[in-house]
Amino acid sequence: MSVLKSFIAGQWVGEKAAKALPSAVNGEIVAHTHDDTLDFKNAVEYGRKVGGKNLMAMDFQERALALKAMAMYLQEHKKELYALSMHTGSSKADNGIDIDGGFGTLFSYASMGRRELPSGNVVHEGPVTPLGKNNHFAGTHILVPRGGVAVHIDAYNFPVWGMLEKFAPTFLAGMPSIVKPATSTCYVTELAVRLMQESGALPEGSLQLIIGSTGDLFDHLEEQDVVTFTGSAATARKLKNHPNIINRSIPFNAEADSLNSAILAPDVTPEHEEFDIFVKEVGREMTAKAGQKCTAIRRILVPKDRVEAVCEKLKERLSKVTVGDPSVEGVRMGALASIDQLEDVKANIQELLKTSELVIGGDGSFKPTGEGTEKGAFIEPHVLLCRNPENGCGAHDIEAFGPVATVIPYDTVEDAVALCAQGRGSLVTTLTTRDPAIAGRIVPLLAAFHGRLHLLNAEASKESTGHGSPLPMLKHGGPGRAGGGEELGGIRAVHHYLQRTAIQGSPTMLAAVTREYVRGADLIETDVHPFRRHFEDLQINESLLTHRRTVTEADIVNFGCLSGDHFYMHFDEIAARDSQFGKRIAHGYFVLSAAAGLFVYPGEGPVLANYGLDTLRFIEPVAPGDTIRARLTCKRKIDQGRTSPDGHPQGVVVWDVQVHNQNDEMVASYDILTLVAKKPE
Ligand code: NDP
């Protein structure tokens with residue numbers, strides 16, 4: 001009988017069998033947890049010293065590439081994960097959410113990291129704020145890896161995605177992770193960690209795995225560490241109040257129970273396409289992962305006069321869902337993760353029935369499909385109806401973590417908002433409406449109680465990723481009862497694992513720290529045009545002050561004819577005289593083009609392409625007779641490890657451009673983004 005192993009301090013630990021983990025489908029034992037004691041003091045120290053050091057030997061860009069390599073390796077071994085995950089009761093579609101969803105999260109963070117993070121291990125969070133009259137003293141912010149370890153405690157429902165959604169931003173930030181999956185499904189996480197290990201993309205010490213209890217782990221955490229948690233509100237409360245977490249102010253991010261809603265707006269009647277879309281979404285969310293999703297719909301809020309129609313349509317839809325062994329052809333919904341969970345859900349249905357009546361399920365006729373399933377953790381979808389929510393409604397408090405939802409009637413949309421708020425903070429609500437005015441009115445009211453709001457109509461439904469899908473680029477988390485946490489959320493999630501620090505000093509000092517040119521910093525000027533330098537040779541602060549050019553009326557006329565832009569400010573003497581500038585002025589885009597003409601080096605060279613501008617501002621007008629010159633300064637270099645289509649290695653260089661007039665007034669300011677070749681091998 002296989003004994004699962006923890007992966008602690010670079011060793012797979014676990015010989016003696018402890019708890020047997022039965023299949024949720026047929027009760028057969030899949031694996032055992034181990035009985036070996038883990039040395040958590042050593043695990044934490046090893047994470048900080050070995051993992052931290054190895055991660056710091058890489059930079060943001062290299063770690064992003066490593067995430068991609070891990071994701072690609074995992075993808076090649078997807079079948080193994082799918083086969084094992086079947087024992088958790090997951091259908092093929094459920095595995096898609098957990099396993100492919102997990103890989104997708106790794107890929108997303110890999111590309112976000114490459115796009116949005118710099119080379120090196122310091123994120124400059126500008127803008128720089130001048131703090132002195134003559135720009136000798138300024139302030140800005142940097143974000144750096146925290147230096148500690150991140151402990152991630154996960155729920156049982158997503159053994160792969162749950163681990164990867166926390167690991168990906170942590171790894172990208174440069175922090176080692178110690179992950180603790182929920183015991184009942186930890187055999188799938190163990191396999192995923194083994195595969196990540198085998199991928200060769202995981203630096204030593206950057207990921208440790210705990211099978212079983214966390215023992216005295218929390219006693220060894222320090223101020224630089226972080227804890228994240230997904231699971232029940234009760235456990236979150238208990239762990240958050242651990243004396244060491246409180247005494248050392250260790251950040252604790254929780255995502256807990258959430259009583260999510262679906263609201264059918266009063267403008268949608270059974271004749272509308274949106275009515276069917278609403279029922280389909282509710283049905284899908286109730287049955288995906290057998291309702292064991294933190295985002296699953298628990299409360300179905302419908303106008304009073306549409307209760308019967310919604311129940312009828314839901315019944316029709318849910319009756320088509322075959323429940324049973326997910327490996328059997330035609331089965332659409334699998335089992336709950338364990339018999340304990342099944343008992344829990346049944347007990348919660350009894351609690352809900354104190355204020356509601358059953359309208360779908362629970363009539364005793366249910367029999368799961370497949371052999372041996374009588375020993376599995378199966379339950380059919382249950383829909384309850386709370387006819388008089390004003391007399392109390394258990395659905396606002398009780399989370400039956402299975403395919404269970406309660407229909408709640410409402411009078412006005414404001415009542416619907418008030419009912420929603422009784423969930424005391426949720427991860428997500430779907431509002432189905434055809435009317436943008438309803439959305440515009442109530443979404444800001446709902447937002448105060450939600451981490452995410454999904455607006456569904458016929459147009460959006462064609463491409464909607466669904467009510468229940470947390471997306472790596474958007475924040476996943478909710479206020480109040482939902483834990484008050486923030487997960488995913490793009491680069492924002494990476495920031496959980498970085499320390500933000502304000503830096504004050506001279507511009508030259510700030511440029512040295514942020515590795516970005518800061519205006520006012522000492523410039524490096526040489527006889528070589530910066531466009532003549534390869535990526536490796538270019539230095540931050542390397543700068544070129546161009547020759548001058550006097551702008552003439554002929555420039556304006558020529559540019560107007562070339563571009564077709566005959567705006568009165570450039571061509572109508574009378575109208576221009578009445579304008580705020582009191583005279584004709586040159587096109588802003590002419591100034592840009594003229595500046596490029598001043599600073600580019602025309603010959604063939606390492607600068608390969610200009611792919612855009614950032615932060616463009618036209619500050620002062622340029623009129624005929626004004627004389628302009630530009631200053632081009634190397635601001636930022638990012639090595640994404642990319643090559644051009646013909647195989648030539650290249651990096652991104654961002655240039656600061658300032659254009660001044662004859663009075664030394666700045667007339668235009670912007671960054672240009674270029675690709676610059678690296679030196680030939
Ligand atoms: P728990 O809160 O019991 O467990 C969540 C995680 O915490 C598991 O990894 C668990 O490990 C661990 N844990 C429990 N006690 C401790 C402790 N004292 N010290 C350290 N770690 C601990 O939640 P469940 O997974 O059992 O789910 C229970 C309920 O939580 C569900 O019925 C549902 O209501 C809610 N839930 C909410 C989710 C969400 O995302 N919002 C997701 C999943 C569940 P172990 O398994 O070893 O006990």
# chains A, B, ... in the order shown; residues from 1 in each chain; ligands from 1

$ residues_around --residues "segment 351-354 of chain A" --least-positions-apart "6" --cutoff "9 Å" --atoms "only C-alpha atoms" --output "PyMOL selection string"
chain A and resi 384-386+393-395+398+400+406

$ write_last_selection --atoms "N, CA and C atoms" --output "PDB file, in the first residue's frame"
ATOM      1  N   LEU A 384     -33.371  24.127  -2.698  1.00  0.00           N
ATOM      2  CA  LEU A 384     -34.330  24.451  -1.650  1.00  0.00           C
ATOM      3  C   LEU A 384     -34.994  25.776  -1.990  1.00  0.00           C
ATOM      4  N   LEU A 385     -36.137  26.035  -1.355  1.00  0.00           N
ATOM      5  CA  LEU A 385     -36.827  27.314  -1.568  1.00  0.00           C
ATOM      6  C   LEU A 385     -37.163  27.919  -0.209  1.00  0.00           C
ATOM      7  N   CYS A 386     -36.679  29.139  -0.010  1.00  0.00           N
ATOM      8  CA  CYS A 386     -36.988  29.852   1.227  1.00  0.00           C
ATOM      9  C   CYS A 386     -38.060  30.880   0.862  1.00  0.00           C
ATOM     10  N   CYS A 393     -33.555  33.185   7.044  1.00  0.00           N
ATOM     11  CA  CYS A 393     -33.167  32.292   5.951  1.00  0.00           C
ATOM     12  C   CYS A 393     -31.775  31.730   6.229  1.00  0.00           C
ATOM     13  N   GLY A 394     -31.740  30.415   6.478  1.00  0.00           N
ATOM     14  CA  GLY A 394     -30.467  29.756   6.815  1.00  0.00           C
ATOM     15  C   GLY A 394     -29.427  29.870   5.712  1.00  0.00           C
ATOM     16  N   ALA A 395     -29.892  30.077   4.456  1.00  0.00           N
ATOM     17  CA  ALA A 395     -28.951  30.110   3.320  1.00  0.00           C
ATOM     18  C   ALA A 395     -27.972  31.273   3.426  1.00  0.00           C
ATOM     19  N   ILE A 398     -25.476  29.277   6.263  1.00  0.00           N
ATOM     20  CA  ILE A 398     -24.999  27.879   6.212  1.00  0.00           C
ATOM     21  C   ILE A 398     -24.445  27.554   4.830  1.00  0.00           C
ATOM     22  N   ALA A 400     -23.531  24.672   2.678  1.00  0.00           N
ATOM     23  CA  ALA A 400     -23.512  23.222   2.424  1.00  0.00           C
ATOM     24  C   ALA A 400     -22.569  23.039   1.236  1.00  0.00           C
ATOM     25  N   THR A 406     -30.196  27.486  -2.625  1.00  0.00           N
ATOM     26  CA  THR A 406     -31.528  27.862  -2.137  1.00  0.00           C
ATOM     27  C   THR A 406     -32.078  29.020  -2.970  1.00  0.00           C
TER      28      THR A 406
END

$ residues_near_ligand --ligand "ligand 1" --cutoff "9 Å" --atoms "only C-alpha atoms and all ligand atoms" --output "PyMOL selection string"
chain A and resi 152-158+162+180-186+211-215+217-218+229-236+238-239+254-258+292-295+341+344-345+398-402+427+477+482-483

$ residues_around --residues "segment 73-78 of chain A" --least-positions-apart "4" --cutoff "7 Å" --atoms "only C-alpha atoms" --output "number ranges by chain"
A: 69, 82, 195-196, 199

$ closest_residue --among "A:Glu223, A:Asp35, A:Asp94, A:Glu204" --to "Met56 of chain A" --atoms "only C-alpha atoms"
A:Glu204

$ select_by_dssp --residues "segment 430-628 of chain A" --states "alpha helix (DSSP H)" --output "ChimeraX atom specification"
/A:436-447,458-461,491-495,507-514,553-563,568-571,573-578,588-599

$ closest_residue --among "A:Val128, A:Ala347, A:Val494, A:Leu471" --to "Gly174 of chain A" --atoms "only C-alpha atoms"
A:Val494

$ select_by_dssp --residues "segment 105-235 of chain A" --states "strand (DSSP E)" --output "PyMOL selection string"
chain A and resi 123-130+138-145+150-153+177-180+207-209+226-230

$ residues_around --residues "Val30 of chain A" --least-positions-apart "2" --cutoff "8 Å" --atoms "only C-alpha atoms" --output "PyMOL selection string"
chain A and resi 2+20-23+28+32+87

$ atom_distance --atom1 "atom CA of Ala24 of chain A" --atom2 "atom CA of Leu318 of chain A"
21.7 Å

$ residues_around --residues "Ala64 of chain A" --least-positions-apart "2" --cutoff "12 Å" --atoms "only C-alpha atoms" --output "count of residues only"
41

$ decode --residues "segment 33-47 of chain A" --atoms "all heavy atoms" --output "CSV table (one decimal), in the first residue's frame"
chain,number,residue,atom,x,y,z
A,33,THR,N,-1.4,8.5,4.4
A,33,THR,CA,-0.5,9.5,4.8
A,33,THR,C,0.7,8.8,5.6
A,33,THR,O,0.6,7.6,5.9
A,33,THR,CB,-1.1,10.6,5.7
A,33,THR,OG1,-1.6,9.9,6.9
A,33,THR,CG2,-2.3,11.2,5.0
A,34,HIS,N,1.7,9.6,6.0
A,34,HIS,CA,2.8,8.9,6.7
A,34,HIS,C,2.8,9.3,8.2
A,34,HIS,O,2.2,10.3,8.6
A,34,HIS,CB,4.2,9.3,6.1
A,34,HIS,CG,4.5,10.7,6.2
A,34,HIS,ND1,4.9,11.3,7.4
A,34,HIS,CD2,4.6,11.7,5.3
A,34,HIS,CE1,5.2,12.6,7.2
A,34,HIS,NE2,5.0,12.9,5.9
A,35,ASP,N,3.5,8.5,9.0
A,35,ASP,CA,3.4,8.7,10.4
A,35,ASP,C,4.7,9.3,10.9
A,35,ASP,O,4.9,9.5,12.1
A,35,ASP,CB,3.2,7.3,11.1
A,35,ASP,CG,2.7,7.4,12.5
A,35,ASP,OD1,2.1,8.5,12.8
A,35,ASP,OD2,2.9,6.5,13.3
A,36,ASP,N,5.7,9.6,10.0
A,36,ASP,CA,7.0,10.1,10.4
A,36,ASP,C,6.9,11.5,10.9
A,36,ASP,O,6.2,12.3,10.3
A,36,ASP,CB,8.0,10.0,9.2
A,36,ASP,CG,8.0,8.6,8.6
A,36,ASP,OD1,6.9,8.1,8.3
A,36,ASP,OD2,9.1,8.1,8.4
A,37,THR,N,7.6,11.8,11.9
A,37,THR,CA,7.6,13.2,12.4
A,37,THR,C,8.5,14.1,11.5
A,37,THR,O,9.5,13.7,11.1
A,37,THR,CB,8.2,13.2,13.9
A,37,THR,OG1,7.6,12.2,14.6
A,37,THR,CG2,8.0,14.6,14.6
A,38,LEU,N,8.0,15.3,11.3
A,38,LEU,CA,8.7,16.3,10.4
A,38,LEU,C,9.4,17.3,11.3
A,38,LEU,O,8.8,17.8,12.3
A,38,LEU,CB,7.7,16.9,9.4
A,38,LEU,CG,7.0,16.0,8.5
A,38,LEU,CD1,6.0,16.8,7.6
A,38,LEU,CD2,8.0,15.2,7.6
A,39,ASP,N,10.6,17.7,10.9
A,39,ASP,CA,11.3,18.7,11.6
A,39,ASP,C,11.0,20.1,11.0
A,39,ASP,O,11.7,20.5,10.0
A,39,ASP,CB,12.8,18.4,11.5
A,39,ASP,CG,13.7,19.4,12.3
A,39,ASP,OD1,13.1,20.4,12.7
A,39,ASP,OD2,14.9,19.1,12.5
A,40,PHE,N,10.0,20.7,11.5
A,40,PHE,CA,9.6,22.0,10.9
A,40,PHE,C,10.5,23.2,11.1
A,40,PHE,O,10.6,24.1,10.3
A,40,PHE,CB,8.2,22.4,11.4
A,40,PHE,CG,7.1,21.4,10.9
A,40,PHE,CD1,6.4,20.5,11.7
A,40,PHE,CD2,6.8,21.4,9.5
A,40,PHE,CE1,5.5,19.7,11.2
A,40,PHE,CE2,5.9,20.6,9.0
A,40,PHE,CZ,5.2,19.7,9.8
A,41,LYS,N,11.3,23.1,12.2
A,41,LYS,CA,12.3,24.2,12.5
A,41,LYS,C,13.3,24.1,11.3
A,41,LYS,O,13.6,25.1,10.7
A,41,LYS,CB,13.0,23.9,13.8
A,41,LYS,CG,13.9,25.0,14.2
A,41,LYS,CD,14.3,24.8,15.7
A,41,LYS,CE,15.1,25.9,16.2
A,41,LYS,NZ,16.5,26.0,15.8
A,42,ASN,N,13.7,22.9,11.0
A,42,ASN,CA,14.7,22.7,9.9
A,42,ASN,C,14.1,23.1,8.6
A,42,ASN,O,14.7,23.7,7.7
A,42,ASN,CB,15.2,21.2,9.9
A,42,ASN,CG,16.2,21.0,8.9
A,42,ASN,OD1,17.1,21.9,8.7
A,42,ASN,ND2,16.2,19.8,8.3
A,43,ALA,N,12.8,22.7,8.4
A,43,ALA,CA,12.1,23.0,7.1
A,43,ALA,C,12.1,24.5,6.8
A,43,ALA,O,12.4,25.0,5.7
A,43,ALA,CB,10.7,22.5,7.1
A,44,VAL,N,11.8,25.3,7.8
A,44,VAL,CA,11.7,26.7,7.7
A,44,VAL,C,13.1,27.3,7.4
A,44,VAL,O,13.2,28.2,6.5
A,44,VAL,CB,11.0,27.3,8.9
A,44,VAL,CG1,11.1,28.8,8.9
A,44,VAL,CG2,9.5,26.9,9.0
A,45,GLU,N,14.0,26.9,8.2
A,45,GLU,CA,15.4,27.4,8.1
A,45,GLU,C,16.0,27.1,6.7
A,45,GLU,O,16.6,27.9,6.0
A,45,GLU,CB,16.3,26.9,9.2
A,45,GLU,CG,16.2,27.7,10.4
A,45,GLU,CD,16.8,27.0,11.6
A,45,GLU,OE1,17.6,26.1,11.4
A,45,GLU,OE2,16.6,27.5,12.8
A,46,TYR,N,15.7,25.8,6.3
A,46,TYR,CA,16.2,25.4,5.0
A,46,TYR,C,15.5,26.2,3.8
A,46,TYR,O,16.2,26.6,2.9
A,46,TYR,CB,15.9,23.9,4.8
A,46,TYR,CG,16.0,23.3,3.4
A,46,TYR,CD1,17.3,22.8,3.0
A,46,TYR,CD2,14.9,23.2,2.6
A,46,TYR,CE1,17.4,22.3,1.7
A,46,TYR,CE2,15.1,22.6,1.3
A,46,TYR,CZ,16.3,22.2,0.9
A,46,TYR,OH,16.4,21.7,-0.3
A,47,GLY,N,14.2,26.4,4.0
A,47,GLY,CA,13.5,27.2,3.0
A,47,GLY,C,14.1,28.6,2.9
A,47,GLY,O,14.4,29.0,1.8
